[in-house]
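File shown here: input-v1.cif, holding mmCIF, C-alpha atoms.
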data_input
#
loop_
_atom_site.label_atom_id
_atom_site.label_comp_id
_atom_site.auth_asym_id
_atom_site.auth_seq_id
_atom_site.Cartn_x
_atom_site.Cartn_y
_atom_site.Cartn_z
CA MET A 1 -78.01 -38.68 17.01
CA LEU A 2 -75.40 -36.70 18.99
CA ILE A 3 -72.82 -39.41 18.32
CA MET A 4 -73.34 -39.02 14.56
CA ALA A 5 -73.24 -35.22 14.78
CA SER A 6 -70.05 -35.27 16.85
CA THR A 7 -68.19 -37.25 14.20
CA LYS A 8 -68.99 -34.86 11.33
CA VAL A 9 -66.64 -32.18 10.04
CA ASN A 10 -67.34 -29.02 8.07
CA TYR A 11 -65.63 -27.83 4.86
CA GLY A 12 -62.59 -26.72 6.88
CA GLY A 13 -62.27 -30.11 8.52
CA ASN A 14 -63.48 -28.77 11.86
CA ASN A 15 -65.39 -31.05 14.18
CA CYS A 16 -67.77 -29.90 16.92
CA THR A 17 -64.93 -29.31 19.39
CA HIS A 18 -63.17 -26.98 16.94
CA ILE A 19 -66.37 -24.98 16.54
CA CYS A 20 -66.77 -24.67 20.32
CA ALA A 21 -63.15 -23.55 20.62
CA MET A 22 -63.41 -20.97 17.82
CA GLN A 23 -66.62 -19.51 19.22
CA GLY A 24 -65.51 -19.66 22.83
CA SER A 25 -68.61 -21.70 23.63
CA VAL A 26 -67.60 -23.02 27.03
CA ASP A 27 -71.08 -24.29 27.93
CA CYS A 28 -71.44 -26.13 24.62
CA PHE A 29 -68.02 -27.68 25.06
CA LEU A 30 -68.84 -28.82 28.59
CA ILE A 31 -72.00 -30.55 27.34
CA LEU A 32 -70.05 -32.28 24.56
CA PHE A 33 -67.23 -33.23 26.88
CA ALA A 34 -69.66 -34.73 29.42
CA PHE A 35 -71.33 -36.65 26.60
CA PHE A 36 -67.98 -37.97 25.33
CA LYS A 37 -66.90 -38.99 28.82
CA GLN A 38 -70.18 -40.85 29.44
CA ARG A 39 -70.48 -42.62 26.11
CA MET A 40 -66.96 -43.02 24.77
CA SER A 41 -63.63 -44.25 26.02
CA ASP A 42 -60.93 -41.78 27.00
CA GLN A 43 -59.00 -42.86 23.91
CA ILE A 44 -61.84 -41.87 21.56
CA THR A 45 -62.56 -38.69 23.52
CA LYS A 46 -58.87 -37.79 23.22
CA LYS A 47 -59.09 -38.24 19.44
CA PHE A 48 -61.98 -35.77 19.25
CA LEU A 49 -60.23 -33.23 21.45
CA ASN A 50 -56.98 -33.47 19.47
CA PHE A 51 -58.47 -33.85 15.98
CA ARG A 52 -56.57 -31.82 13.38
CA ASN A 53 -58.54 -29.81 10.81
CA LYS A 54 -57.37 -29.05 7.25
CA GLN A 55 -54.80 -26.54 8.58
CA GLY A 56 -53.62 -29.11 11.06
CA ASN A 57 -55.09 -27.13 13.95
CA THR A 58 -56.51 -28.85 16.98
CA PRO A 59 -59.29 -27.22 19.02
CA LEU A 60 -56.54 -25.89 21.31
CA HIS A 61 -54.85 -24.16 18.36
CA GLU A 62 -58.19 -22.67 17.29
CA ALA A 63 -58.97 -21.38 20.77
CA TYR A 64 -55.60 -19.58 20.88
CA LEU A 65 -55.89 -18.26 17.33
CA HIS A 66 -59.39 -16.88 18.00
CA GLU A 67 -58.27 -15.47 21.37
CA LYS A 68 -60.82 -17.52 23.30
CA TYR A 69 -58.73 -17.82 26.44
CA ASP A 70 -61.54 -19.25 28.59
CA MET A 71 -61.62 -22.15 26.13
CA VAL A 72 -57.82 -22.40 26.19
CA HIS A 73 -57.92 -22.72 29.97
CA LEU A 74 -60.72 -25.28 29.83
CA LEU A 75 -59.01 -27.38 27.15
CA ARG A 76 -55.69 -27.28 28.98
CA SER A 77 -57.38 -28.31 32.22
CA THR A 78 -58.12 -31.78 30.87
CA ASP A 79 -55.38 -34.37 30.64
CA LEU A 80 -56.85 -35.53 27.32
CA VAL A 81 -55.69 -32.48 25.35
CA ASP A 82 -52.21 -32.82 23.88
CA ASP A 83 -50.42 -29.48 23.56
CA THR A 84 -47.46 -31.07 21.76
CA ILE A 85 -49.39 -31.63 18.50
CA ALA A 86 -48.05 -29.40 15.75
CA ASN A 87 -50.25 -27.82 13.10
CA ALA A 88 -49.35 -27.59 9.39
CA LYS A 89 -46.97 -24.69 10.18
CA GLY A 90 -45.21 -26.71 12.87
CA ILE A 91 -46.68 -24.72 15.74
CA THR A 92 -47.77 -26.61 18.85
CA GLY A 93 -50.28 -25.61 21.50
CA ALA A 94 -47.38 -25.28 23.92
CA LYS A 95 -45.69 -22.80 21.57
CA LEU A 96 -48.91 -20.80 21.32
CA GLU A 97 -48.95 -20.70 25.12
CA GLN A 98 -45.44 -19.22 25.09
CA LEU A 99 -46.45 -16.65 22.47
CA TYR A 100 -49.51 -15.73 24.52
CA GLU A 101 -47.35 -15.22 27.62
CA ILE A 102 -45.00 -12.98 25.59
CA LYS A 103 -48.00 -11.00 24.32
CA LEU A 104 -49.21 -10.47 27.89
CA MET A 105 -45.75 -9.30 28.97
CA GLU A 106 -45.51 -6.91 25.99
CA GLU A 107 -48.93 -5.48 26.84
CA GLU A 108 -47.86 -4.98 30.45
CA VAL A 109 -44.62 -3.27 29.35
CA ALA A 110 -46.57 -0.98 26.99
CA LYS A 111 -48.97 -0.11 29.81
CA LEU A 112 -46.10 0.71 32.16
CA GLU A 113 -44.39 2.79 29.48
CA GLN A 114 -47.61 4.75 28.91
CA GLU A 115 -47.99 5.32 32.65
CA ASN A 116 -44.38 6.56 32.76
CA LEU A 117 -45.05 8.95 29.86
CA ASP A 118 -48.16 10.22 31.62
CA ILE A 119 -46.16 10.88 34.80
CA GLN A 120 -43.43 12.68 32.83
CA TYR A 121 -46.03 14.82 31.05
CA LYS A 122 -47.64 15.80 34.36
CA GLN A 123 -44.24 16.67 35.85
CA GLU A 124 -43.40 18.84 32.82
CA GLU A 125 -46.77 20.57 33.09
CA ASN A 126 -46.13 21.29 36.78
CA LEU A 127 -42.73 22.78 35.96
CA ARG A 128 -44.28 25.17 33.43
CA ILE A 129 -46.68 26.57 36.00
#
Could you write out this file's structure as structure tokens?
Amino acid sequence: MLIMASTKVNYGGNNCTHICAMQGSVDCFLILFAFFKQRMSDQITKKFLNFRNKQGNTPLHEAYLHEKYDMVHLLRSTDLVDDTIANAKGITGAKLEQLYEIKLMEEEVAKLEQENLDIQYKQEENLRI
């Protein structure tokens, strides 16, 4: 029964691993992954984990796009996930990783800039007193 369910896709072409990635369902993914590893060859498991939906997105793409970074980490931790697969827009999982790193750096810069503004404001307030 689980084998049949795992091979089905929804209207968007998403299989069960896409759904886990989009929802950030780490526990569900781990159950599926254990099932795949027990019952299927690595080659077939790799196909499930790298299956492209109608937008060409793999589960790794979907995890990034839905900001489910626990799932990103989990997917990237297996050697069966291929981060070089491009979606319909030509974007790979590796590129999404780079964009995520840039986003983190921009957030850190914005935080430091805000802290600097706060310090300047406090210094100006002290000068007025």
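Comparing the minimum interatomic distances between A:Gly13 and each of A:Asn53, A:Asp42, A:Val26, A:Glu101, counting all atoms listed in the file, we find that A:Asn53 sits nearest.
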List the residues selected by the PyMOL selection byres ((chain A and resi 12) around 9) in the file shown, writing them as a PyMOL selection string.
chain A and resi 9-11+13-15+53-55
Answer key for the PyMOL selection byres ((chain A and resi 95) around 12), residues as a ChimeraX atom specification
/A:60-61,64-65,83-87,89-94,96-102
Between atom CA of A:Ser25 and atom CA of A:Lys37, what is the distance, to one decimal in Å?
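Those two atoms sit 18.1 Å apart.
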Excluding same-chain residues fewer than 3 positions from A:Leu49, what lies within 9 Å of it counting all atoms listed in the file, as an MDAnalysis selection string?
chainID A and resid 17:18 33 44:46 52 58:60 75 80:82
Go ahead and save the residues from that selection, with C-alpha atoms, as a PDB file, in the frame of the given file.
ATOM      1  CA  THR A  17     -64.930 -29.310  19.390  1.00  0.00           C
ATOM      2  CA  HIS A  18     -63.170 -26.980  16.940  1.00  0.00           C
ATOM      3  CA  PHE A  33     -67.230 -33.230  26.880  1.00  0.00           C
ATOM      4  CA  ILE A  44     -61.840 -41.870  21.560  1.00  0.00           C
ATOM      5  CA  THR A  45     -62.560 -38.690  23.520  1.00  0.00           C
ATOM      6  CA  LYS A  46     -58.870 -37.790  23.220  1.00  0.00           C
ATOM      7  CA  ARG A  52     -56.570 -31.820  13.380  1.00  0.00           C
ATOM      8  CA  THR A  58     -56.510 -28.850  16.980  1.00  0.00           C
ATOM      9  CA  PRO A  59     -59.290 -27.220  19.020  1.00  0.00           C
ATOM     10  CA  LEU A  60     -56.540 -25.890  21.310  1.00  0.00           C
ATOM     11  CA  LEU A  75     -59.010 -27.380  27.150  1.00  0.00           C
ATOM     12  CA  LEU A  80     -56.850 -35.530  27.320  1.00  0.00           C
ATOM     13  CA  VAL A  81     -55.690 -32.480  25.350  1.00  0.00           C
ATOM     14  CA  ASP A  82     -52.210 -32.820  23.880  1.00  0.00           C
TER      15      ASP A  82
END
How far is it from atom CA of A:Phe29 to atom CA of A:Gly56, in Å with one decimal?
20.1 Å
Write out as a list in words the residues lying within 10 Å of A:Glu67, counting all atoms listed in the file and excluding same-chain residues fewer than 5 positions away.
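That gives Ala21, Met22, Gln23, Gly24, His61, Glu62, Val72 and Tyr100 of chain A.
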Please report the interatomic distance between atom CA of A:Ala63 and atom CA of A:Leu112 in Å with one decimal.
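That distance, rounded to one decimal, is 28.0 Å.
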Since the input is missing atoms, can you rebuild N, CA and C atoms for stretch 14-25 of chain A and write them as a PDB file, in the coordinates of the input?
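Listing of result37.pdb after writing:
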ATOM      1  N   ASN A  14     -63.259 -28.999  10.433  1.00  0.00           N
ATOM      2  CA  ASN A  14     -63.480 -28.770  11.860  1.00  0.00           C
ATOM      3  C   ASN A  14     -64.595 -29.655  12.383  1.00  0.00           C
ATOM      4  N   ASN A  15     -64.332 -30.291  13.529  1.00  0.00           N
ATOM      5  CA  ASN A  15     -65.390 -31.050  14.180  1.00  0.00           C
ATOM      6  C   ASN A  15     -66.068 -30.143  15.214  1.00  0.00           C
ATOM      7  N   CYS A  16     -66.992 -30.693  15.959  1.00  0.00           N
ATOM      8  CA  CYS A  16     -67.770 -29.900  16.920  1.00  0.00           C
ATOM      9  C   CYS A  16     -66.887 -29.258  17.988  1.00  0.00           C
ATOM     10  N   THR A  17     -65.796 -29.903  18.362  1.00  0.00           N
ATOM     11  CA  THR A  17     -64.930 -29.310  19.390  1.00  0.00           C
ATOM     12  C   THR A  17     -64.153 -28.124  18.845  1.00  0.00           C
ATOM     13  N   HIS A  18     -63.802 -28.149  17.559  1.00  0.00           N
ATOM     14  CA  HIS A  18     -63.170 -26.980  16.940  1.00  0.00           C
ATOM     15  C   HIS A  18     -64.127 -25.791  16.958  1.00  0.00           C
ATOM     16  N   ILE A  19     -65.384 -26.052  16.598  1.00  0.00           N
ATOM     17  CA  ILE A  19     -66.370 -24.980  16.540  1.00  0.00           C
ATOM     18  C   ILE A  19     -66.551 -24.355  17.927  1.00  0.00           C
ATOM     19  N   CYS A  20     -66.669 -25.191  18.946  1.00  0.00           N
ATOM     20  CA  CYS A  20     -66.770 -24.670  20.320  1.00  0.00           C
ATOM     21  C   CYS A  20     -65.559 -23.809  20.659  1.00  0.00           C
ATOM     22  N   ALA A  21     -64.383 -24.277  20.305  1.00  0.00           N
ATOM     23  CA  ALA A  21     -63.150 -23.550  20.620  1.00  0.00           C
ATOM     24  C   ALA A  21     -63.096 -22.210  19.890  1.00  0.00           C
ATOM     25  N   MET A  22     -63.455 -22.202  18.609  1.00  0.00           N
ATOM     26  CA  MET A  22     -63.410 -20.970  17.820  1.00  0.00           C
ATOM     27  C   MET A  22     -64.417 -19.930  18.305  1.00  0.00           C
ATOM     28  N   GLN A  23     -65.566 -20.410  18.758  1.00  0.00           N
ATOM     29  CA  GLN A  23     -66.620 -19.510  19.220  1.00  0.00           C
ATOM     30  C   GLN A  23     -66.481 -19.154  20.691  1.00  0.00           C
ATOM     31  N   GLY A  24     -65.636 -19.879  21.390  1.00  0.00           N
ATOM     32  CA  GLY A  24     -65.510 -19.660  22.830  1.00  0.00           C
ATOM     33  C   GLY A  24     -66.732 -20.153  23.588  1.00  0.00           C
ATOM     34  N   SER A  25     -67.372 -21.169  23.049  1.00  0.00           N
ATOM     35  CA  SER A  25     -68.610 -21.700  23.630  1.00  0.00           C
ATOM     36  C   SER A  25     -68.290 -22.707  24.731  1.00  0.00           C
TER      37      SER A  25
END
